[in-house]
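Source file: structure.txt (compact mmCIF, C-alpha atoms)
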# COMPACT_ATOMS: atom_id res chain seq x y z
CA MET W 1 0.00 0.00 0.00
CA VAL W 2 2.76 2.38 1.00
CA SER W 3 4.74 1.54 -2.11
CA LEU W 4 1.67 2.21 -4.27
CA ILE W 5 1.27 5.66 -2.70
CA HIS W 6 4.95 6.35 -3.30
CA ARG W 7 4.65 5.21 -6.91
CA ARG W 8 1.63 7.45 -7.51
CA ALA W 9 3.32 10.38 -5.78
CA GLY W 10 6.37 9.82 -7.95
CA GLN W 11 4.26 9.84 -11.10
CA LEU W 12 2.49 13.02 -9.99
CA SER W 13 5.80 14.68 -9.17
CA ARG W 14 7.23 13.83 -12.57
CA GLY W 15 4.04 15.07 -14.22
CA ALA W 16 4.14 18.31 -12.27
CA LEU W 17 7.83 18.77 -13.08
CA CYS W 18 7.14 18.23 -16.79
CA CYS W 19 4.31 20.78 -16.65
CA ALA W 20 6.55 23.25 -14.82
CA LEU W 21 9.23 22.87 -17.48
CA LEU W 22 6.67 23.06 -20.30
CA ALA W 23 5.32 26.29 -18.83
CA ALA W 24 8.25 28.07 -20.41
CA CYS W 25 7.00 27.31 -23.92
CA VAL W 26 3.40 26.09 -23.63
CA GLN W 27 0.52 28.08 -22.17
CA VAL W 28 -3.19 27.43 -22.08
CA SER W 29 -5.26 30.48 -21.20
CA TRP W 30 -8.92 30.81 -20.35
CA GLU W 31 -10.07 34.39 -20.07
CA ARG W 32 -13.37 36.14 -19.63
CA HIS W 33 -13.84 39.89 -19.77
CA GLU W 34 -17.14 41.58 -19.02
CA LEU W 35 -17.91 45.25 -19.45
CA GLY W 36 -21.39 46.47 -18.68
CA THR W 37 -24.67 44.62 -18.82
CA PRO W 38 -26.18 43.38 -22.08
CA LEU W 39 -29.42 44.98 -23.19
CA ALA W 40 -32.03 42.30 -23.73
CA ALA W 41 -33.75 42.31 -27.13
CA GLN W 42 -37.11 42.82 -25.43
CA ALA W 43 -35.86 45.90 -23.61
CA ASP W 44 -36.10 48.15 -26.64
CA SER W 45 -38.91 46.35 -28.48
CA GLU W 46 -41.48 48.90 -27.32
CA LEU W 47 -39.44 51.74 -28.73
CA ARG W 48 -40.90 52.04 -32.22
CA VAL W 49 -39.34 54.07 -34.97
CA GLY W 50 -41.38 57.20 -35.73
CA GLU W 51 -43.24 56.99 -32.41
CA ALA W 52 -40.86 56.64 -29.48
CA THR W 53 -39.35 59.74 -27.99
CA PHE W 54 -35.98 60.44 -26.46
CA ASP W 55 -37.60 60.63 -23.00
CA GLN W 56 -39.11 57.17 -23.36
CA CYS W 57 -35.78 55.76 -24.44
CA LEU W 58 -33.94 57.19 -21.44
CA ASP W 59 -36.71 56.09 -19.07
CA GLN W 60 -36.63 52.52 -20.30
CA LEU W 61 -32.95 51.98 -20.89
CA GLY W 62 -31.17 54.37 -18.52
CA ALA W 63 -28.04 56.32 -19.29
CA PRO W 64 -26.32 55.55 -22.60
CA ILE W 65 -22.59 54.97 -22.88
CA GLU W 66 -22.18 57.47 -25.72
CA VAL W 67 -23.97 60.45 -27.24
CA TRP W 68 -23.02 61.61 -30.73
CA GLU W 69 -24.02 64.52 -32.84
CA LEU W 70 -24.76 63.38 -36.39
CA SER W 71 -25.16 65.35 -39.54
CA SER W 72 -28.42 67.02 -40.59
CA ALA W 73 -29.67 67.93 -37.13
CA THR W 74 -29.84 64.40 -35.84
CA TYR W 75 -28.11 62.83 -32.90
CA ALA W 76 -27.53 59.32 -31.65
CA ILE W 77 -27.17 57.58 -28.34
CA ALA W 78 -25.55 54.20 -27.88
CA TYR W 79 -25.83 51.45 -25.31
CA GLY W 80 -23.03 48.94 -25.35
CA TRP W 81 -21.41 46.05 -23.59
CA ASP W 82 -18.35 43.98 -24.17
CA HIS W 83 -18.35 40.34 -23.15
CA GLN W 84 -15.45 38.26 -24.38
CA ARG W 85 -14.45 34.71 -23.73
CA ASP W 86 -11.03 33.68 -24.94
CA LEU W 87 -9.69 30.16 -24.92
CA GLY W 88 -6.11 30.19 -26.06
CA PHE W 89 -3.22 27.85 -26.55
CA SER W 90 0.24 29.11 -27.31
CA LEU W 91 3.38 27.22 -28.17
CA SER W 92 6.76 28.89 -28.39
CA VAL W 93 9.83 27.08 -29.70
CA PRO W 94 13.24 28.74 -29.43
CA LEU W 95 15.38 28.31 -32.55
CA ALA W 96 18.98 28.79 -31.51
CA ASP W 97 20.32 28.42 -35.04
CA THR W 98 18.58 31.51 -36.32
CA GLY W 99 18.82 33.46 -33.13
CA GLY W 100 15.07 33.86 -33.03
CA SER W 101 12.06 31.83 -32.00
CA ALA W 102 8.97 30.42 -33.63
CA SER W 103 5.60 30.67 -31.98
CA VAL W 104 2.12 29.52 -32.87
CA ASN W 105 -1.17 30.74 -31.41
CA PHE W 106 -4.42 28.88 -31.72
CA ASP W 107 -7.02 31.12 -30.20
CA ASP W 108 -10.75 30.66 -30.24
CA ILE W 109 -11.74 34.23 -29.62
CA VAL W 110 -15.39 35.13 -29.41
CA ASP W 111 -15.62 38.87 -29.70
CA LYS W 112 -18.86 40.08 -28.13
CA LEU W 113 -18.58 43.79 -28.52
CA HIS W 114 -22.28 44.48 -29.01
CA GLY W 115 -24.53 47.48 -28.73
CA VAL W 116 -27.64 49.31 -29.81
CA VAL W 117 -27.67 52.75 -31.42
CA PHE W 118 -30.76 54.96 -31.45
CA VAL W 119 -30.92 57.94 -33.79
CA PHE W 120 -33.26 60.85 -33.02
CA ASP W 121 -34.36 63.82 -35.08
CA ARG W 122 -34.39 67.45 -33.93
CA ASN W 123 -37.83 66.89 -32.34
CA ASP W 124 -36.47 64.03 -30.24
CA VAL W 125 -38.44 61.37 -32.13
CA LEU W 126 -36.75 58.05 -32.85
CA LEU W 127 -35.63 57.91 -36.50
CA ARG W 128 -33.98 54.50 -36.48
CA LYS W 129 -32.37 51.93 -34.25
CA ARG W 130 -29.73 49.41 -35.05
CA ARG W 131 -28.36 46.52 -33.06
CA GLY W 132 -25.02 44.88 -33.72
CA PHE W 133 -21.36 45.44 -33.23
CA LEU W 134 -20.83 49.00 -32.08
CA ARG W 135 -17.71 49.31 -34.18
CA ASP W 136 -19.88 48.74 -37.27
CA LEU W 137 -22.63 51.12 -36.15
CA ALA W 138 -20.38 53.92 -34.97
CA PRO W 139 -19.02 55.06 -38.39
CA ASP W 140 -22.32 56.87 -39.00
CA ARG W 141 -21.32 59.45 -36.50
CA THR W 142 -19.58 62.66 -37.35
CA ARG W 143 -16.64 64.04 -35.48
CA ARG W 144 -17.56 65.59 -32.16
CA ARG W 145 -17.30 69.35 -32.14
CA SER W 146 -15.43 70.88 -29.29
CA ALA W 147 -17.65 73.94 -28.98
CA PHE W 148 -20.67 75.61 -30.55
CA LEU W 149 -19.90 78.76 -32.45
CA ASP W 150 -22.69 81.31 -32.55
CA GLU W 151 -23.16 83.05 -35.88
CA MET Z 1 8.72 9.27 1.70
CA LYS Z 2 11.35 11.27 -0.15
CA THR Z 3 9.20 11.29 -3.30
CA LEU Z 4 6.16 12.41 -1.35
CA LYS Z 5 8.09 15.32 0.14
CA LEU Z 6 9.29 16.28 -3.33
CA PHE Z 7 5.74 16.18 -4.64
CA VAL Z 8 4.47 18.38 -1.80
CA ALA Z 9 7.34 20.82 -2.30
CA VAL Z 10 6.75 21.08 -6.05
CA ALA Z 11 3.00 21.52 -5.49
CA LEU Z 12 3.60 24.30 -2.95
CA VAL Z 13 6.07 26.12 -5.14
CA ALA Z 14 3.72 25.86 -8.12
CA LEU Z 15 0.57 26.95 -6.33
CA THR Z 16 1.74 29.63 -3.90
CA PRO Z 17 2.26 32.47 -6.40
CA ALA Z 18 -0.62 31.30 -8.55
CA CYS Z 19 -3.40 33.79 -7.95
CA PHE Z 20 -4.15 37.47 -7.63
CA VAL Z 21 -7.08 39.84 -7.32
CA ALA Z 22 -7.08 43.49 -8.33
CA ARG Z 23 -9.49 46.38 -8.28
CA ASN Z 24 -9.38 49.46 -10.45
CA ASN Z 25 -11.59 52.51 -9.89
CA ILE Z 26 -12.03 55.48 -12.17
CA ASN Z 27 -13.54 58.60 -10.60
CA THR Z 28 -15.59 58.57 -7.44
CA PRO Z 29 -18.97 56.79 -7.17
CA LEU Z 30 -22.00 58.80 -8.32
CA ASP Z 31 -24.71 59.51 -5.81
CA PRO Z 32 -28.29 58.88 -7.04
CA ASP Z 33 -29.58 61.23 -4.34
CA ARG Z 34 -27.67 64.11 -5.92
CA LEU Z 35 -29.32 63.37 -9.26
CA ALA Z 36 -32.73 63.45 -7.58
CA LEU Z 37 -32.14 67.11 -6.71
CA LEU Z 38 -32.34 68.05 -10.39
CA VAL Z 39 -35.63 68.81 -12.13
CA PRO Z 40 -35.92 68.86 -15.94
CA GLY Z 41 -37.42 72.10 -17.19
CA THR Z 42 -36.33 73.96 -14.08
CA SER Z 43 -32.74 73.17 -13.17
CA THR Z 44 -29.97 74.96 -15.00
CA ALA Z 45 -26.42 74.08 -15.90
CA ASP Z 46 -25.28 75.92 -12.78
CA ASP Z 47 -27.57 73.75 -10.65
CA VAL Z 48 -26.11 70.63 -12.23
CA LEU Z 49 -22.59 71.85 -11.56
CA GLY Z 50 -23.52 72.48 -7.94
CA ALA Z 51 -25.06 69.05 -7.51
CA LEU Z 52 -22.69 66.85 -9.50
CA GLY Z 53 -19.54 68.90 -10.02
CA ALA Z 54 -17.53 69.05 -13.21
CA PRO Z 55 -18.55 66.56 -15.91
CA SER Z 56 -16.23 63.98 -17.46
CA ASP Z 57 -17.30 64.88 -20.95
CA VAL Z 58 -19.30 67.52 -22.82
CA VAL Z 59 -20.94 66.83 -26.17
CA GLN Z 60 -22.35 69.56 -28.37
CA LEU Z 61 -25.66 68.66 -30.05
CA GLY Z 62 -26.35 71.53 -32.41
CA ARG Z 63 -27.37 74.35 -30.09
CA ARG Z 64 -27.97 71.91 -27.28
CA SER Z 65 -25.43 70.09 -25.19
CA ALA Z 66 -25.03 66.97 -23.08
CA TRP Z 67 -22.77 66.31 -20.13
CA ARG Z 68 -21.57 62.95 -18.96
CA TYR Z 69 -20.60 61.90 -15.45
CA ASP Z 70 -19.14 58.47 -14.86
CA HIS Z 71 -17.48 56.20 -12.40
CA SER Z 72 -16.31 52.69 -13.17
CA GLN Z 73 -15.07 49.83 -11.09
CA LYS Z 74 -13.15 46.87 -12.51
CA LYS Z 75 -12.47 43.75 -10.49
CA SER Z 76 -9.97 41.21 -11.79
CA ALA Z 77 -9.13 37.73 -10.55
CA ALA Z 78 -6.62 35.28 -11.96
CA LEU Z 79 -5.41 31.80 -11.17
CA SER Z 80 -2.38 30.25 -12.80
CA LEU Z 81 -1.72 26.54 -12.45
CA LEU Z 82 1.48 25.48 -14.23
CA ILE Z 83 0.54 25.74 -17.90
CA VAL Z 84 -3.08 26.81 -17.39
CA THR Z 85 -3.98 30.42 -16.67
CA MET Z 86 -7.49 31.65 -15.91
CA VAL Z 87 -8.28 35.36 -15.87
CA ASN Z 88 -11.56 37.14 -15.29
CA THR Z 89 -12.32 40.84 -15.32
CA ASP Z 90 -15.68 42.37 -14.49
CA ALA Z 91 -16.07 46.08 -15.19
CA GLN Z 92 -19.25 47.93 -14.31
CA ALA Z 93 -20.05 51.63 -14.30
CA ASP Z 94 -22.18 54.37 -12.84
CA ARG Z 95 -23.19 56.78 -15.57
CA VAL Z 96 -25.25 59.96 -15.66
CA TRP Z 97 -26.10 62.02 -18.74
CA VAL Z 98 -27.75 65.40 -18.49
CA PHE Z 99 -29.05 67.27 -21.53
CA PHE Z 100 -29.51 71.01 -21.85
CA ASP Z 101 -31.32 73.25 -24.31
CA GLU Z 102 -29.68 76.28 -25.85
CA ALA Z 103 -30.54 78.37 -22.78
CA ASP Z 104 -28.68 75.86 -20.55
CA VAL Z 105 -31.87 74.61 -18.95
CA LEU Z 106 -31.96 70.92 -18.12
CA THR Z 107 -34.26 69.07 -20.52
CA HIS Z 108 -33.46 65.39 -19.96
CA MET Z 109 -31.41 63.29 -17.60
CA ALA Z 110 -30.69 59.62 -17.11
CA GLY Z 111 -28.66 57.63 -14.63
CA THR Z 112 -27.43 54.06 -14.48
CA PHE Z 113 -25.77 52.82 -11.31
CA GLU Z 114 -24.08 49.45 -11.71
CA ALA Z 115 -20.51 49.96 -10.50
CA GLN Z 116 -21.16 48.27 -7.18
CA GLY Z 117 -22.21 45.14 -9.09
CA ALA Z 118 -18.66 44.30 -10.22
CA ARG Z 119 -17.53 40.95 -8.78
CA TYR Z 120 -14.36 38.95 -8.27
CA LYS Z 121 -14.83 35.61 -10.00
CA LEU Z 122 -13.14 33.12 -12.30
CA PRO Z 123 -14.15 32.38 -15.92
CA PHE Z 124 -16.16 29.30 -15.00
CA GLN Z 125 -18.21 31.15 -12.37
CA ASP Z 126 -21.49 32.87 -13.26
I'd like the structure from this file rewritten - as structure tokens, please.
Amino acid sequence: MVSLIHRRAGQLSRGALCCALLAACVQVSWERHELGTPLAAQADSELRVGEATFDQCLDQLGAPIEVWELSSATYAIAYGWDHQRDLGFSLSVPLADTGGSASVNFDDIVDKLHGVVFVFDRNDVLLRKRRGFLRDLAPDRTRRRSAFLDE
Amino acid sequence: MKTLKLFVAVALVALTPACFVARNNINTPLDPDRLALLVPGTSTADDVLGALGAPSDVVQLGRRSAWRYDHSQKKSAALSLLIVTMVNTDAQADRVWVFFDEADVLTHMAGTFEAQGARYKLPFQD
């Protein structure tokens, strides 16, 4: 019995030592990053284009993460969240002959940068809403002006 | 017995420096009670400044404007076991937007207070 325990402990030690040595060139990473709370699809379903007002939108959804001035007297507000799960495996092999090293990354990255953008007209009525990746929706915006210049 | 001691020693060395937690705050927490002091249609930009202080951002919307106040809290936890590393970050924010007309009278406001909801956890924890 005692010899069996010793044998198992020996195997575990060798395994742990191998892992410790491998750690220099092999890494498995499991990461999760959460920013904000996702907006459920139902949350904005009552906000209908042409009917909903800016007030209703703020009442139902709270404070947006961004406000943008758009062209032609319209403006947009955006709600966004960023949930990512990354499962990665990296292998790095030093190549002494060339003085460099080779490395390979096999990452299964699920990018969850999502958001909803609501565009309002000058009367604060909802013109359109779009859901998707914020980086795809944001290009509609114009550059933010630093100050209003009275004419 | 010698092997067992070696195993315990290796396990201790491998596990002792294996985890960390960190917290990162930006700005001070926003107080919902201060927001309740403001009344759309009545309060002015000066009133907002008195209640909430200087904004983090100002956006011009034609002749109107919007101010943003925010506070965020990020909690990170990580565990590294030999070749496996697990990292989790949870970032939540308090956010207030106030909107003014061209006469600097408050027209709309909205607040979201979630910063205190940030948690230390690992990727497999919900």
Quick one: residues within 10 Å of segment 23-26 of chain Z, only C-alpha atoms counted, chain neighbours fewer than 4 positions away excluded, as a PDB file with C-alpha atoms, in the frame of the given file?
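See around.pdb below for the written result:
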ATOM      1  CA  ASP Z  70     -19.140  58.470 -14.860  1.00  0.00           C
ATOM      2  CA  HIS Z  71     -17.480  56.200 -12.400  1.00  0.00           C
ATOM      3  CA  SER Z  72     -16.310  52.690 -13.170  1.00  0.00           C
ATOM      4  CA  GLN Z  73     -15.070  49.830 -11.090  1.00  0.00           C
ATOM      5  CA  LYS Z  74     -13.150  46.870 -12.510  1.00  0.00           C
ATOM      6  CA  LYS Z  75     -12.470  43.750 -10.490  1.00  0.00           C
ATOM      7  CA  SER Z  76      -9.970  41.210 -11.790  1.00  0.00           C
ATOM      8  CA  ALA Z  77      -9.130  37.730 -10.550  1.00  0.00           C
ATOM      9  CA  THR Z  89     -12.320  40.840 -15.320  1.00  0.00           C
ATOM     10  CA  ASP Z  90     -15.680  42.370 -14.490  1.00  0.00           C
ATOM     11  CA  ALA Z  91     -16.070  46.080 -15.190  1.00  0.00           C
ATOM     12  CA  GLN Z  92     -19.250  47.930 -14.310  1.00  0.00           C
ATOM     13  CA  ALA Z  93     -20.050  51.630 -14.300  1.00  0.00           C
ATOM     14  CA  ALA Z 115     -20.510  49.960 -10.500  1.00  0.00           C
ATOM     15  CA  ALA Z 118     -18.660  44.300 -10.220  1.00  0.00           C
ATOM     16  CA  ARG Z 119     -17.530  40.950  -8.780  1.00  0.00           C
ATOM     17  CA  TYR Z 120     -14.360  38.950  -8.270  1.00  0.00           C
TER      18      TYR Z 120
END
Contact residues (chain Z, partner chain W, 8 Å, all atoms listed in the file) as a compact mmCIF listing (two decimals) with C-alpha atoms, in the coordinates of the input:
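Result went into result.txt, see below:
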# COMPACT_ATOMS: atom_id res chain seq x y z
CA MET Z 1 8.72 9.27 1.70
CA THR Z 3 9.20 11.29 -3.30
CA LEU Z 4 6.16 12.41 -1.35
CA LEU Z 6 9.29 16.28 -3.33
CA PHE Z 7 5.74 16.18 -4.64
CA VAL Z 10 6.75 21.08 -6.05
CA ALA Z 11 3.00 21.52 -5.49
CA ALA Z 14 3.72 25.86 -8.12
CA VAL Z 59 -20.94 66.83 -26.17
CA GLN Z 60 -22.35 69.56 -28.37
CA LEU Z 61 -25.66 68.66 -30.05
CA GLY Z 62 -26.35 71.53 -32.41
CA ARG Z 63 -27.37 74.35 -30.09
CA ALA Z 66 -25.03 66.97 -23.08
CA LEU Z 82 1.48 25.48 -14.23
CA ILE Z 83 0.54 25.74 -17.90
CA VAL Z 84 -3.08 26.81 -17.39
CA THR Z 85 -3.98 30.42 -16.67
CA MET Z 86 -7.49 31.65 -15.91
CA VAL Z 87 -8.28 35.36 -15.87
CA ASN Z 88 -11.56 37.14 -15.29
CA THR Z 89 -12.32 40.84 -15.32
CA ASP Z 90 -15.68 42.37 -14.49
CA ALA Z 91 -16.07 46.08 -15.19
CA GLN Z 92 -19.25 47.93 -14.31
CA ALA Z 93 -20.05 51.63 -14.30
CA ARG Z 95 -23.19 56.78 -15.57
CA VAL Z 96 -25.25 59.96 -15.66
CA TRP Z 97 -26.10 62.02 -18.74
CA HIS Z 108 -33.46 65.39 -19.96
CA MET Z 109 -31.41 63.29 -17.60
CA ALA Z 110 -30.69 59.62 -17.11
CA GLY Z 111 -28.66 57.63 -14.63
CA THR Z 112 -27.43 54.06 -14.48
CA LEU Z 122 -13.14 33.12 -12.30
CA PRO Z 123 -14.15 32.38 -15.92
Discussion item. One number please: atom CA of Phe100 of chain Z to atom CA of Gly53 of chain Z, in Å, one decimal.
Written reply: 15.6 Å
Worksheet item: Suppose you want the space between atom CA of Phe99 of chain Z and atom CA of Ala138 of chain W; what is it in Å?
Response: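 Atom-to-atom, atom CA of Phe99 of chain Z to atom CA of Ala138 of chain W, that is 20.8 Å.
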Worksheet item: Please, what distance in Å, to one decimal, runs between atom CA of Val98 of chain Z and atom CA of Arg68 of chain Z?
Response: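 Taking atom CA of Val98 of chain Z as the start and atom CA of Arg68 of chain Z as the end point, the length is 6.7 Å.
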First collect every listed atom of segment 50-55 of chain W; then fit an axis-aligned box around them, widen it by 8 Å on each side, and give centre and edge lengths in Å to one decimal, as JSON.
{"center_x": -39.6, "center_y": 58.6, "center_z": -29.4, "size_x": 23.3, "size_y": 20.0, "size_z": 28.7}
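In terms of minimum interatomic distance to Pro55 of chain Z, Z:Trp67 ranks closest within Z:Thr107, Z:Val8, Z:Trp67, Z:Pro40, counting only C-alpha atoms.
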Worksheet entry | Option closest in space to Asp33 of chain Z, from Z:Ala9, Z:Asp126, Z:Phe113, Z:Ala45 [counting all atoms listed in the file] | Z:Phe113
